[in-house]
>>> print(open('query_25.txt').read())   # compact mmCIF, C-alpha atoms and all ligand atoms
# COMPACT_ATOMS: atom_id res chain seq x y z
CA MET A 1 93.71 22.41 147.68
CA ARG A 2 92.26 25.17 145.51
CA ILE A 3 91.28 28.62 146.64
CA THR A 4 89.45 31.18 144.52
CA ALA A 5 90.17 34.78 145.48
CA ILE A 6 87.51 37.29 144.44
CA PRO A 7 88.76 40.82 145.18
CA GLY A 8 85.46 42.45 144.05
CA ASP A 9 84.75 46.17 144.19
CA GLY A 10 85.79 49.33 146.00
CA ILE A 11 88.17 48.55 148.87
CA GLY A 12 87.78 44.81 148.15
CA PRO A 13 90.96 44.56 146.02
CA GLU A 14 92.89 46.73 148.53
CA VAL A 15 92.15 44.51 151.52
CA MET A 16 92.48 41.34 149.43
CA ARG A 17 96.04 42.33 148.48
CA GLU A 18 97.04 42.32 152.17
CA ALA A 19 95.24 39.02 152.88
CA LEU A 20 97.04 37.36 149.94
CA ARG A 21 100.38 38.66 151.23
CA VAL A 22 99.62 36.86 154.48
CA LEU A 23 98.66 33.70 152.58
CA SER A 24 101.93 33.86 150.65
CA PHE A 25 103.77 33.79 153.99
CA PHE A 26 102.64 30.16 154.25
CA GLY A 27 103.69 29.51 150.63
CA GLY A 28 105.46 26.44 149.37
CA ARG A 29 102.56 24.15 150.21
CA GLU A 30 100.09 22.44 147.93
CA LEU A 31 97.82 25.37 147.38
CA LYS A 32 96.54 26.77 144.10
CA VAL A 33 95.08 30.27 144.17
CA ASP A 34 92.97 31.50 141.24
CA VAL A 35 91.83 35.10 141.05
CA ALA A 36 88.29 35.63 139.70
CA HIS A 37 85.98 38.59 139.34
CA ALA A 38 82.47 39.43 140.47
CA GLY A 39 80.41 42.54 141.10
CA ARG A 40 80.71 45.93 139.43
CA THR A 41 84.31 45.27 138.40
CA ALA A 42 83.25 42.11 136.57
CA HIS A 43 80.27 43.85 135.01
CA ASP A 44 82.44 46.63 133.60
CA ALA A 45 84.90 44.09 132.15
CA SER A 46 82.50 41.41 130.89
CA GLY A 47 78.93 42.71 131.04
CA HIS A 48 78.01 40.26 133.84
CA VAL A 49 78.15 40.77 137.61
CA LEU A 50 78.86 37.04 138.00
CA PRO A 51 80.71 35.75 134.91
CA GLU A 52 80.44 32.05 134.13
CA ILE A 53 84.19 31.56 134.54
CA THR A 54 83.93 32.81 138.15
CA GLU A 55 81.08 30.43 138.89
CA ARG A 56 83.08 27.53 137.45
CA LEU A 57 86.22 28.37 139.42
CA VAL A 58 84.20 28.73 142.63
CA LEU A 59 82.51 25.36 142.22
CA ASP A 60 85.89 23.74 141.53
CA SER A 61 87.55 25.19 144.62
CA ASP A 62 87.72 24.12 148.26
CA ALA A 63 87.24 27.64 149.55
CA VAL A 64 86.58 31.17 148.38
CA LEU A 65 88.16 34.31 149.83
CA LEU A 66 86.21 37.43 148.93
CA GLY A 67 87.02 41.13 149.38
CA ALA A 68 83.71 42.98 149.00
CA ILE A 69 81.06 43.43 146.35
CA GLY A 70 78.90 46.47 145.72
CA ASP A 71 78.84 49.80 144.03
CA ASN A 72 76.74 52.92 144.52
CA ARG A 73 77.21 54.41 141.05
CA PRO A 74 74.33 54.06 138.60
CA GLY A 75 74.90 51.16 136.23
CA ASP A 76 73.19 49.60 133.25
CA TYR A 77 72.83 46.15 134.79
CA GLU A 78 71.49 43.15 132.93
CA ASP A 79 67.83 42.63 134.03
CA GLY A 80 68.38 45.30 136.68
CA LEU A 81 70.61 42.90 138.64
CA ARG A 82 72.86 44.97 140.92
CA PRO A 83 76.44 43.88 141.75
CA GLU A 84 75.33 42.59 145.17
CA THR A 85 73.21 39.92 143.47
CA ALA A 86 76.51 38.23 142.52
CA LEU A 87 77.31 37.76 146.20
CA LEU A 88 73.84 36.45 147.00
CA ALA A 89 74.09 34.03 144.06
CA LEU A 90 77.52 32.80 145.19
CA ARG A 91 76.30 32.17 148.73
CA LYS A 92 73.33 30.24 147.35
CA SER A 93 75.18 28.21 144.72
CA MET A 94 77.81 27.20 147.27
CA GLY A 95 75.07 26.13 149.69
CA CYS A 96 76.50 28.46 152.32
CA SER A 97 73.47 28.63 154.58
CA ILE A 98 75.31 29.37 157.82
CA ASN A 99 77.27 32.54 158.44
CA LEU A 100 79.66 32.73 161.38
CA ARG A 101 80.52 36.24 162.50
CA PRO A 102 82.74 36.23 165.59
CA ILE A 103 82.78 39.44 167.63
CA LEU A 104 85.86 38.92 169.71
CA CYS A 105 86.97 41.78 171.92
CA THR A 106 90.54 41.57 173.07
CA ALA A 107 91.67 42.98 176.37
CA GLN A 108 91.98 46.37 174.69
CA PRO A 109 89.17 47.10 172.25
CA LEU A 110 89.87 50.03 169.94
CA GLY A 111 87.86 53.13 170.69
CA SER A 112 87.59 54.02 174.35
CA ARG A 113 83.79 54.49 174.14
CA TYR A 114 83.36 50.72 174.12
CA GLY A 115 86.18 49.85 176.50
CA TYR A 116 83.65 48.10 178.78
CA ALA A 117 83.39 45.36 176.11
CA ALA A 118 86.98 44.19 176.74
CA GLY A 119 87.18 40.42 176.96
CA SER A 120 83.67 39.77 175.61
CA ASP A 121 83.33 37.02 173.02
CA ILE A 122 80.17 36.62 170.94
CA LEU A 123 79.58 34.36 167.96
CA ILE A 124 76.79 35.44 165.63
CA VAL A 125 75.32 32.43 163.80
CA ARG A 126 73.26 33.91 160.98
CA GLU A 127 71.10 32.00 158.51
CA LEU A 128 72.38 33.02 155.07
CA ASN A 129 70.30 31.43 152.31
CA GLY A 130 66.79 32.56 153.16
CA CYS A 131 64.64 35.37 154.58
CA ALA A 132 63.77 38.55 152.66
CA TYR A 133 67.08 38.40 150.74
CA TYR A 134 65.90 35.43 148.69
CA GLY A 135 62.12 35.24 149.13
CA ARG A 136 59.89 35.38 146.06
CA PRO A 137 57.79 37.18 144.89
CA ARG A 138 59.65 40.45 145.04
CA GLY A 139 59.88 43.52 142.86
CA THR A 140 58.23 46.83 142.12
CA ARG A 141 54.84 47.33 140.52
CA LEU A 142 52.24 49.97 139.83
CA VAL A 143 49.15 49.89 142.03
CA HIS A 144 45.93 51.87 142.11
CA ALA A 145 45.82 54.37 144.94
CA PRO A 146 42.59 56.36 145.53
CA SER A 147 43.47 59.15 143.11
CA ALA A 148 46.42 57.86 141.09
CA ILE A 149 48.50 54.92 139.98
CA VAL A 150 51.59 54.79 142.17
CA PRO A 151 54.68 52.57 142.37
CA GLU A 152 55.26 50.23 145.30
CA GLY A 153 58.05 47.82 146.20
CA PHE A 154 57.58 44.44 147.85
CA ASP A 155 59.69 41.57 149.18
CA THR A 156 58.84 38.23 150.72
CA MET A 157 60.25 37.11 154.06
CA ARG A 158 60.12 33.32 154.21
CA TYR A 159 61.63 30.55 156.35
CA SER A 160 60.85 26.86 156.39
CA ASP A 161 61.00 24.75 159.54
CA ALA A 162 63.87 22.74 158.02
CA GLU A 163 65.94 25.87 157.28
CA VAL A 164 65.52 27.13 160.82
CA ARG A 165 66.31 23.77 162.40
CA ARG A 166 69.52 23.47 160.35
CA VAL A 167 70.96 26.78 161.54
CA ALA A 168 69.60 26.29 165.07
CA ARG A 169 71.35 22.93 165.34
CA PHE A 170 74.60 24.54 164.21
CA ALA A 171 74.29 27.29 166.83
CA LEU A 172 73.41 24.85 169.62
CA GLU A 173 76.37 22.61 168.71
CA ALA A 174 78.66 25.66 168.65
CA ALA A 175 77.42 26.70 172.09
CA ARG A 176 78.32 23.28 173.47
CA HIS A 177 81.95 24.00 172.64
CA ARG A 178 81.77 27.52 174.08
CA ARG A 179 79.93 28.81 177.16
CA GLY A 180 76.70 26.87 176.57
CA MET A 181 74.33 29.79 175.88
CA VAL A 182 72.27 30.68 172.81
CA LEU A 183 70.25 33.85 172.37
CA SER A 184 67.81 33.45 169.47
CA VAL A 185 66.84 36.81 167.98
CA ASP A 186 63.59 37.31 166.08
CA LYS A 187 60.56 39.58 165.81
CA ALA A 188 57.94 37.04 166.87
CA ASN A 189 55.64 39.71 168.30
CA VAL A 190 54.97 40.91 164.74
CA LEU A 191 56.19 38.50 162.05
CA SER A 192 54.76 35.07 161.19
CA THR A 193 58.21 34.03 159.94
CA SER A 194 59.60 34.82 163.36
CA ARG A 195 56.89 32.88 165.18
CA LEU A 196 57.83 29.81 163.15
CA TRP A 197 61.51 30.61 163.79
CA ARG A 198 60.94 30.69 167.56
CA ASP A 199 58.96 27.43 167.61
CA SER A 200 61.49 25.61 165.41
CA VAL A 201 64.46 26.82 167.46
CA ALA A 202 62.75 25.88 170.74
CA SER A 203 61.85 22.41 169.55
CA THR A 204 65.37 21.80 168.15
CA ALA A 205 66.80 22.89 171.50
CA CYS A 206 64.90 20.09 173.29
CA GLU A 207 67.74 17.80 172.16
CA TYR A 208 70.28 20.14 173.78
CA THR A 209 69.31 20.22 177.43
CA ASP A 210 72.88 21.22 178.32
CA VAL A 211 72.54 24.49 176.37
CA HIS A 212 70.72 27.47 177.87
CA LEU A 213 68.40 28.99 175.25
CA GLU A 214 66.77 32.41 175.46
CA HIS A 215 64.66 34.28 172.92
CA CYS A 216 64.65 38.02 172.37
CA TYR A 217 63.04 40.46 169.93
CA VAL A 218 65.56 42.05 167.60
CA ASP A 219 64.89 45.65 168.64
CA SER A 220 65.47 44.84 172.28
CA ALA A 221 68.42 42.52 171.50
CA SER A 222 70.24 45.33 169.70
CA VAL A 223 70.35 47.29 172.95
CA GLU A 224 70.82 44.39 175.37
CA ILE A 225 73.86 42.95 173.60
CA MET A 226 75.51 46.33 173.14
CA THR A 227 75.13 47.18 176.82
CA ARG A 228 75.89 43.76 178.37
CA PRO A 229 78.14 41.98 175.83
CA HIS A 230 79.71 39.69 178.44
CA ASP A 231 76.32 38.10 179.16
CA TYR A 232 76.07 36.68 175.64
CA ASP A 233 77.72 33.74 173.93
CA VAL A 234 76.10 32.50 170.68
CA VAL A 235 73.59 34.82 169.00
CA LEU A 236 71.39 32.90 166.56
CA THR A 237 69.38 34.85 164.03
CA GLY A 238 68.05 35.13 160.49
CA ASN A 239 69.59 36.67 157.40
CA LEU A 240 68.25 40.23 157.67
CA PHE A 241 68.53 40.68 161.44
CA GLY A 242 72.00 39.08 161.46
CA ASP A 243 73.21 41.46 158.79
CA ILE A 244 72.17 44.50 160.82
CA LEU A 245 73.20 43.17 164.24
CA SER A 246 76.71 42.24 163.07
CA ASP A 247 77.49 45.73 161.77
CA GLN A 248 76.18 47.18 165.01
CA LEU A 249 78.17 44.81 167.22
CA SER A 250 81.35 45.59 165.26
CA MET A 251 81.51 48.68 167.45
CA LEU A 252 82.29 46.48 170.46
CA PRO A 253 85.80 45.55 169.25
CA GLY A 254 85.94 49.08 167.86
CA SER A 255 85.71 48.88 164.08
CA LEU A 256 83.75 47.37 161.21
CA GLY A 257 87.09 47.05 159.44
CA MET A 258 88.10 44.30 161.88
CA LEU A 259 85.22 41.84 161.65
CA PRO A 260 85.75 38.62 159.65
CA SER A 261 83.18 36.06 158.62
CA ALA A 262 82.86 32.52 157.31
CA ALA A 263 79.89 31.26 155.31
CA VAL A 264 79.81 27.50 155.51
CA GLY A 265 77.97 24.99 153.38
CA HIS A 266 76.86 21.43 153.86
CA ASN A 267 79.66 20.02 151.72
CA GLY A 268 82.41 21.71 153.74
CA ARG A 269 83.05 24.34 151.08
CA GLY A 270 83.10 27.86 152.46
CA LEU A 271 83.09 31.52 151.52
CA TYR A 272 85.30 33.70 153.69
CA GLU A 273 84.82 37.45 153.63
CA PRO A 274 84.97 40.57 155.79
CA VAL A 275 81.66 41.67 157.32
CA HIS A 276 82.12 45.13 155.80
CA GLY A 277 81.25 46.19 152.26
CA SER A 278 83.10 47.91 149.44
CA ALA A 279 83.19 51.30 151.22
CA PRO A 280 83.08 53.35 147.99
CA SER A 281 83.84 56.65 149.72
CA ILE A 282 87.32 55.51 150.79
CA ALA A 283 88.11 53.24 147.83
CA GLY A 284 91.41 54.09 146.18
CA LEU A 285 92.67 56.15 149.12
CA GLY A 286 94.76 53.33 150.59
CA VAL A 287 93.24 53.82 154.05
CA ALA A 288 90.93 50.79 154.33
CA CYS A 289 91.61 48.54 157.29
CA PRO A 290 92.66 45.08 156.02
CA ILE A 291 92.25 43.32 159.38
CA ALA A 292 88.77 41.89 158.62
CA ALA A 293 90.11 40.40 155.38
CA ILE A 294 93.21 38.98 157.08
CA LEU A 295 91.11 37.45 159.89
CA SER A 296 88.74 36.01 157.26
CA LEU A 297 91.79 34.34 155.71
CA ALA A 298 92.63 32.94 159.15
CA MET A 299 89.11 31.48 159.34
CA LEU A 300 89.66 29.93 155.90
CA LEU A 301 92.97 28.39 156.98
CA ARG A 302 91.31 26.91 160.06
CA HIS A 303 87.95 25.75 158.72
CA ALA A 304 88.64 24.98 155.05
CA LEU A 305 92.24 23.77 155.12
CA GLY A 306 92.51 22.52 158.69
CA TRP A 307 95.67 24.59 159.18
CA HIS A 308 94.97 25.30 162.84
CA ALA A 309 98.50 26.29 163.83
CA GLU A 310 98.86 28.73 160.92
CA ALA A 311 95.44 30.25 161.64
CA ALA A 312 96.38 30.73 165.29
CA ILE A 313 99.60 32.52 164.28
CA VAL A 314 97.68 34.90 162.01
CA ASP A 315 95.14 35.63 164.79
CA ALA A 316 97.95 36.29 167.24
CA ALA A 317 99.84 38.55 164.80
CA VAL A 318 96.70 40.59 164.15
CA GLU A 319 96.00 40.92 167.85
CA ARG A 320 99.50 42.25 168.48
CA VAL A 321 99.18 44.71 165.61
CA ALA A 322 95.71 45.86 166.70
CA ARG A 323 96.96 46.60 170.21
CA ALA A 324 99.67 48.84 168.81
CA LEU A 325 97.52 50.76 166.31
CA PRO A 326 97.14 54.49 166.92
CA GLU A 327 93.43 55.14 167.53
CA GLN A 328 93.26 58.92 167.68
CA GLY A 329 90.52 60.51 165.58
CA VAL A 330 89.61 57.23 163.95
CA PRO A 331 86.33 57.37 161.98
CA TYR A 332 83.60 54.70 162.04
CA GLY A 333 84.78 51.62 160.18
CA LYS A 334 88.47 52.25 160.46
CA ALA A 335 90.71 50.60 163.02
CA SER A 336 93.36 53.29 163.07
CA SER A 337 94.94 56.14 161.19
CA ALA A 338 97.47 53.70 159.69
CA SER A 339 97.24 53.01 155.95
CA THR A 340 96.13 49.69 154.46
CA SER A 341 99.66 48.68 153.54
CA GLU A 342 101.12 49.85 156.87
CA VAL A 343 98.73 47.53 158.71
CA GLY A 344 99.62 44.74 156.26
CA ASP A 345 103.35 45.41 156.76
CA ALA A 346 102.89 45.28 160.54
CA VAL A 347 101.07 41.93 160.35
CA MET A 348 103.79 40.50 158.09
CA ALA A 349 106.49 41.73 160.49
CA GLU A 350 104.70 40.03 163.42
CA LEU A 351 104.37 36.79 161.42
CA ARG A 352 108.12 36.82 160.70
CA TYR A 353 108.86 37.62 164.34
CA MET A 354 106.64 34.81 165.67
CA SER A 355 107.79 32.09 163.27
N1 LIG B 401 79.94 41.38 151.85
C1 LIG B 401 79.90 42.40 151.02
O1 LIG B 401 80.52 42.36 149.96
C2 LIG B 401 79.09 43.60 151.39
C3 LIG B 401 78.85 44.55 150.44
N2 LIG B 401 78.19 45.71 150.76
C4 LIG B 401 78.07 46.72 149.70
O2 LIG B 401 79.13 47.68 149.88
C5 LIG B 401 78.68 48.96 149.41
C6 LIG B 401 78.87 50.02 150.50
O3 LIG B 401 77.97 49.74 151.57
P1 LIG B 401 77.96 50.52 152.94
O4 LIG B 401 76.60 50.43 153.49
O5 LIG B 401 78.59 51.85 152.79
O6 LIG B 401 78.83 49.61 153.93
P2 LIG B 401 80.40 49.48 154.08
O7 LIG B 401 80.62 48.37 155.04
O8 LIG B 401 81.05 49.39 152.76
O9 LIG B 401 80.86 50.86 154.76
C7 LIG B 401 80.27 51.33 155.98
C8 LIG B 401 81.21 52.36 156.63
O10 LIG B 401 82.35 51.68 157.16
C9 LIG B 401 83.55 52.14 156.55
N3 LIG B 401 84.35 50.94 156.31
C10 LIG B 401 83.92 49.73 155.89
N4 LIG B 401 84.93 48.87 155.79
C11 LIG B 401 86.03 49.53 156.16
C12 LIG B 401 87.42 49.17 156.27
N5 LIG B 401 87.85 47.94 155.99
N6 LIG B 401 88.28 50.12 156.68
C13 LIG B 401 87.86 51.34 156.96
N7 LIG B 401 86.59 51.75 156.89
C14 LIG B 401 85.69 50.86 156.48
C15 LIG B 401 83.11 52.84 155.27
O11 LIG B 401 84.01 53.81 154.86
C16 LIG B 401 81.76 53.40 155.66
O12 LIG B 401 81.94 54.59 156.40
C17 LIG B 401 77.24 48.77 148.99
O13 LIG B 401 77.19 48.58 147.60
C18 LIG B 401 76.80 47.52 149.73
O14 LIG B 401 75.73 46.85 149.11
C19 LIG B 401 77.80 45.98 152.05
C20 LIG B 401 78.04 45.04 153.02
C21 LIG B 401 78.63 43.75 152.77
C1 LIG B 402 75.68 43.14 150.52
C2 LIG B 402 74.65 42.20 151.01
C3 LIG B 402 74.33 41.18 149.95
C4 LIG B 402 74.86 41.49 152.29
C5 LIG B 402 75.48 42.14 153.47
O1 LIG B 402 75.47 43.32 153.74
C6 LIG B 402 76.10 41.19 154.39
O2 LIG B 402 76.02 39.98 154.20
O3 LIG B 402 76.71 41.67 155.37
MG MG B 403 76.09 43.62 155.87
>>> encode(input="query_25.txt", output="structure tokens")
Amino acid sequence: MRITAIPGDGIGPEVMREALRVLSFFGGRELKVDVAHAGRTAHDASGHVLPEITERLVLDSDAVLLGAIGDNRPGDYEDGLRPETALLALRKSMGCSINLRPILCTAQPLGSRYGYAAGSDILIVRELNGCAYYGRPRGTRLVHAPSAIVPEGFDTMRYSDAEVRRVARFALEAARHRRGMVLSVDKANVLSTSRLWRDSVASTACEYTDVHLEHCYVDSASVEIMTRPHDYDVVLTGNLFGDILSDQLSMLPGSLGMLPSAAVGHNGRGLYEPVHGSAPSIAGLGVACPIAAILSLAMLLRHALGWHAEAAIVDAAVERVARALPEQGVPYGKASSASTSEVGDAVMAELRYMS
């Protein structure tokens, strides 16, 4: 089995270090880990946000573990391609069209404001290879306004029936193994893409009479799920809405720094990464929460390697650590006032204790 680890930018390498420590706990097995670069870090070293060597390693591996990619400093990027385009390209080239973002609230969510969410368990199933993030044409251009020539930006939001059916089927299957409910989130009152989305989801669901399907507009869903998280099971949505909703719902367990994700492709290969980004303002301070990265590793162990027992141990170790974290004065994104390596040390100690 081969894993490619891409630490990336900002806090990416900091949280990756802790995830790889956890992986090394299960060392001594047939596992080869290559480290590769992408994003701003890769651009500064090689002139490309996605060097060819990284692409080759990724396509040769069974799974990819990624820290975060992105940078807010101005950069002289080739063809104007920002670091984030490396991540979009990786997701596309790996065929990772389905993004699983579990929002699992333990009995004691961090942050007392959202204590009511305790015990809720939502799985966001987000389409990942389409929508406005990939649609063409896109760009900026000069247009004639009444009294001047002015710049405008434009993107294309696009979904095909087949793309929607593929992710809908995945969500409906997932619901069968959970509590049997799917909420499909769109903006069908305004967008043509969403009207097609709703029709395609509804017609796919005809084959799943045992699953209860509801539809909701994204603006309303963002409030409904936050206020009644226990009423929801699988949340099915497109690329753009899923991106926004998952950051918002990270407040239910208490921190963006705790949310893992898995992007799965048709050939079983997957990209495992925290939901959060490179958090430039805290990069280098050693305060980033590594829990999302460690839980993403657990998803990799389970889904890519089939190491179910090991994944369960990592999940349990993290849960025990999260319960014990001090939560006073914790800012948005962070899980506690503990440092990155202190959280990593605590997870390693739990792993040793439980094994
Ligand atoms: N998958 C990826 O690689 C993603 C990359 N990005 C990129 O990351 C860069 C920063 O984007 P932002 O919008 O600021 O989102 P962000 O997720 O990096 O940060 C949002 C807020 O959460 C905090 N935060 C995030 N992760 C944290 C952690 N593990 N521990 C403690 N605090 C944490 C940050 O300090 C910030 O206050 C951008 O270049 C963006 O494009 C954004 C989201 C996903
Ligand atoms: C950085 C973007 C490419 C995507 C993003 O924010 C996400 O997938 O959560
Ligand atoms: Mg995002």
>>> atom_distance(input="query_25.txt", atom1="CA of Leu104 (chain A)", atom2="CA of Ile122 (chain A)")
6.3 Å
>>> closest_residue(input="query_25.txt", among="A:Glu207, A:Asp219, A:Asp243, A:Asp161", to="ligand MG 403 (chain B)", atoms="all atoms listed in the file")
A:Asp243
>>> residues_around(input="query_25.txt", residues="Thr340 (chain A)", least_positions_apart="4", cutoff="8 Å", atoms="only C-alpha atoms", output="list of chain:residue names")
A:Glu14, A:Val15, A:Glu18, A:Gly286, A:Val287, A:Ala288, A:Cys289, A:Pro290, A:Gly344
>>> closest_residue(input="query_25.txt", among="A:Leu256, A:Ala312, A:Ala174, A:Leu65", to="ligand LIG 401 (chain B)", atoms="all atoms listed in the file")
A:Leu256
>>> residues_near_point(input="query_25.txt", point="(95.9, 35.7, 158.4)", cutoff="7 Å", atoms="only C-alpha atoms", output="list of chain:residue names")
A:Ala19, A:Val22, A:Leu23, A:Ile294, A:Leu295, A:Leu297, A:Ala298, A:Ala311, A:Val314, A:Asp315
>>> write_last_selection(input="query_25.txt", atoms="C-alpha atoms", output="CSV table (one decimal), in the coordinates of the input")
chain,number,residue,atom,x,y,z
A,19,ALA,CA,95.2,39.0,152.9
A,22,VAL,CA,99.6,36.9,154.5
A,23,LEU,CA,98.7,33.7,152.6
A,294,ILE,CA,93.2,39.0,157.1
A,295,LEU,CA,91.1,37.4,159.9
A,297,LEU,CA,91.8,34.3,155.7
A,298,ALA,CA,92.6,32.9,159.2
A,311,ALA,CA,95.4,30.2,161.6
A,314,VAL,CA,97.7,34.9,162.0
A,315,ASP,CA,95.1,35.6,164.8
>>> residues_near_ligand(input="query_25.txt", ligand="ligand MG 403 (chain B)", cutoff="10 Å", atoms="only C-alpha atoms and all ligand atoms", output="number ranges by chain")
A: 239-248, 274-277
>>> closest_residue(input="query_25.txt", among="A:Ile149, A:Ala42, A:Ile124, A:Ala86", to="Leu259 (chain A)", atoms="all atoms listed in the file")
A:Ile124
>>> residues_near_ligand(input="query_25.txt", ligand="ligand LIG 401 (chain B)", cutoff="8 Å", atoms="all atoms listed in the file", output="ChimeraX atom specification")
/A:8,10-12,15,66-72,83-84,87,247,255-258,273-282,287-293,331-335
>>> closest_residue(input="query_25.txt", among="A:Asn129, A:Ser200, A:Ser24, A:Asn267", to="ligand LIG 402 (chain B)", atoms="only C-alpha atoms and all ligand atoms")
A:Asn129
>>> atom_distance(input="query_25.txt", atom1="CA of Gly119 (chain A)", atom2="CA of Pro260 (chain A)")
17.5 Å
>>> atom_distance(input="query_25.txt", atom1="CA of Thr209 (chain A)", atom2="CA of His303 (chain A)")
27.0 Å
>>> residues_around(input="query_25.txt", residues="region 139-141 of chain A", least_positions_apart="6", cutoff="6 Å", atoms="all atoms listed in the file", output="list of chain:residue names")
A:Pro151, A:Glu152, A:Gly153, A:Phe154
>>> residues_around(input="query_25.txt", residues="Thr156 (chain A)", least_positions_apart="2", cutoff="9 Å", atoms="all atoms listed in the file", output="JSON, numbers by chain")
{"A": [131, 132, 133, 134, 135, 136, 137, 138, 154, 158]}
>>> write_last_selection(input="query_25.txt", atoms="C-alpha atoms", output="short mmCIF file (atom, residue, chain, number, x, y, z; two decimals), in the frame of the given file")
data_model
loop_
_atom_site.label_atom_id
_atom_site.label_comp_id
_atom_site.auth_asym_id
_atom_site.auth_seq_id
_atom_site.Cartn_x
_atom_site.Cartn_y
_atom_site.Cartn_z
CA CYS A 131 64.64 35.37 154.58
CA ALA A 132 63.77 38.55 152.66
CA TYR A 133 67.08 38.40 150.74
CA TYR A 134 65.90 35.43 148.69
CA GLY A 135 62.12 35.24 149.13
CA ARG A 136 59.89 35.38 146.06
CA PRO A 137 57.79 37.18 144.89
CA ARG A 138 59.65 40.45 145.04
CA PHE A 154 57.58 44.44 147.85
CA ARG A 158 60.12 33.32 154.21
#
>>> closest_residue(input="query_25.txt", among="A:Glu173, A:Glu127, A:Asp60, A:Asp155", to="ligand LIG 402 (chain B)", atoms="only C-alpha atoms and all ligand atoms")
A:Glu127
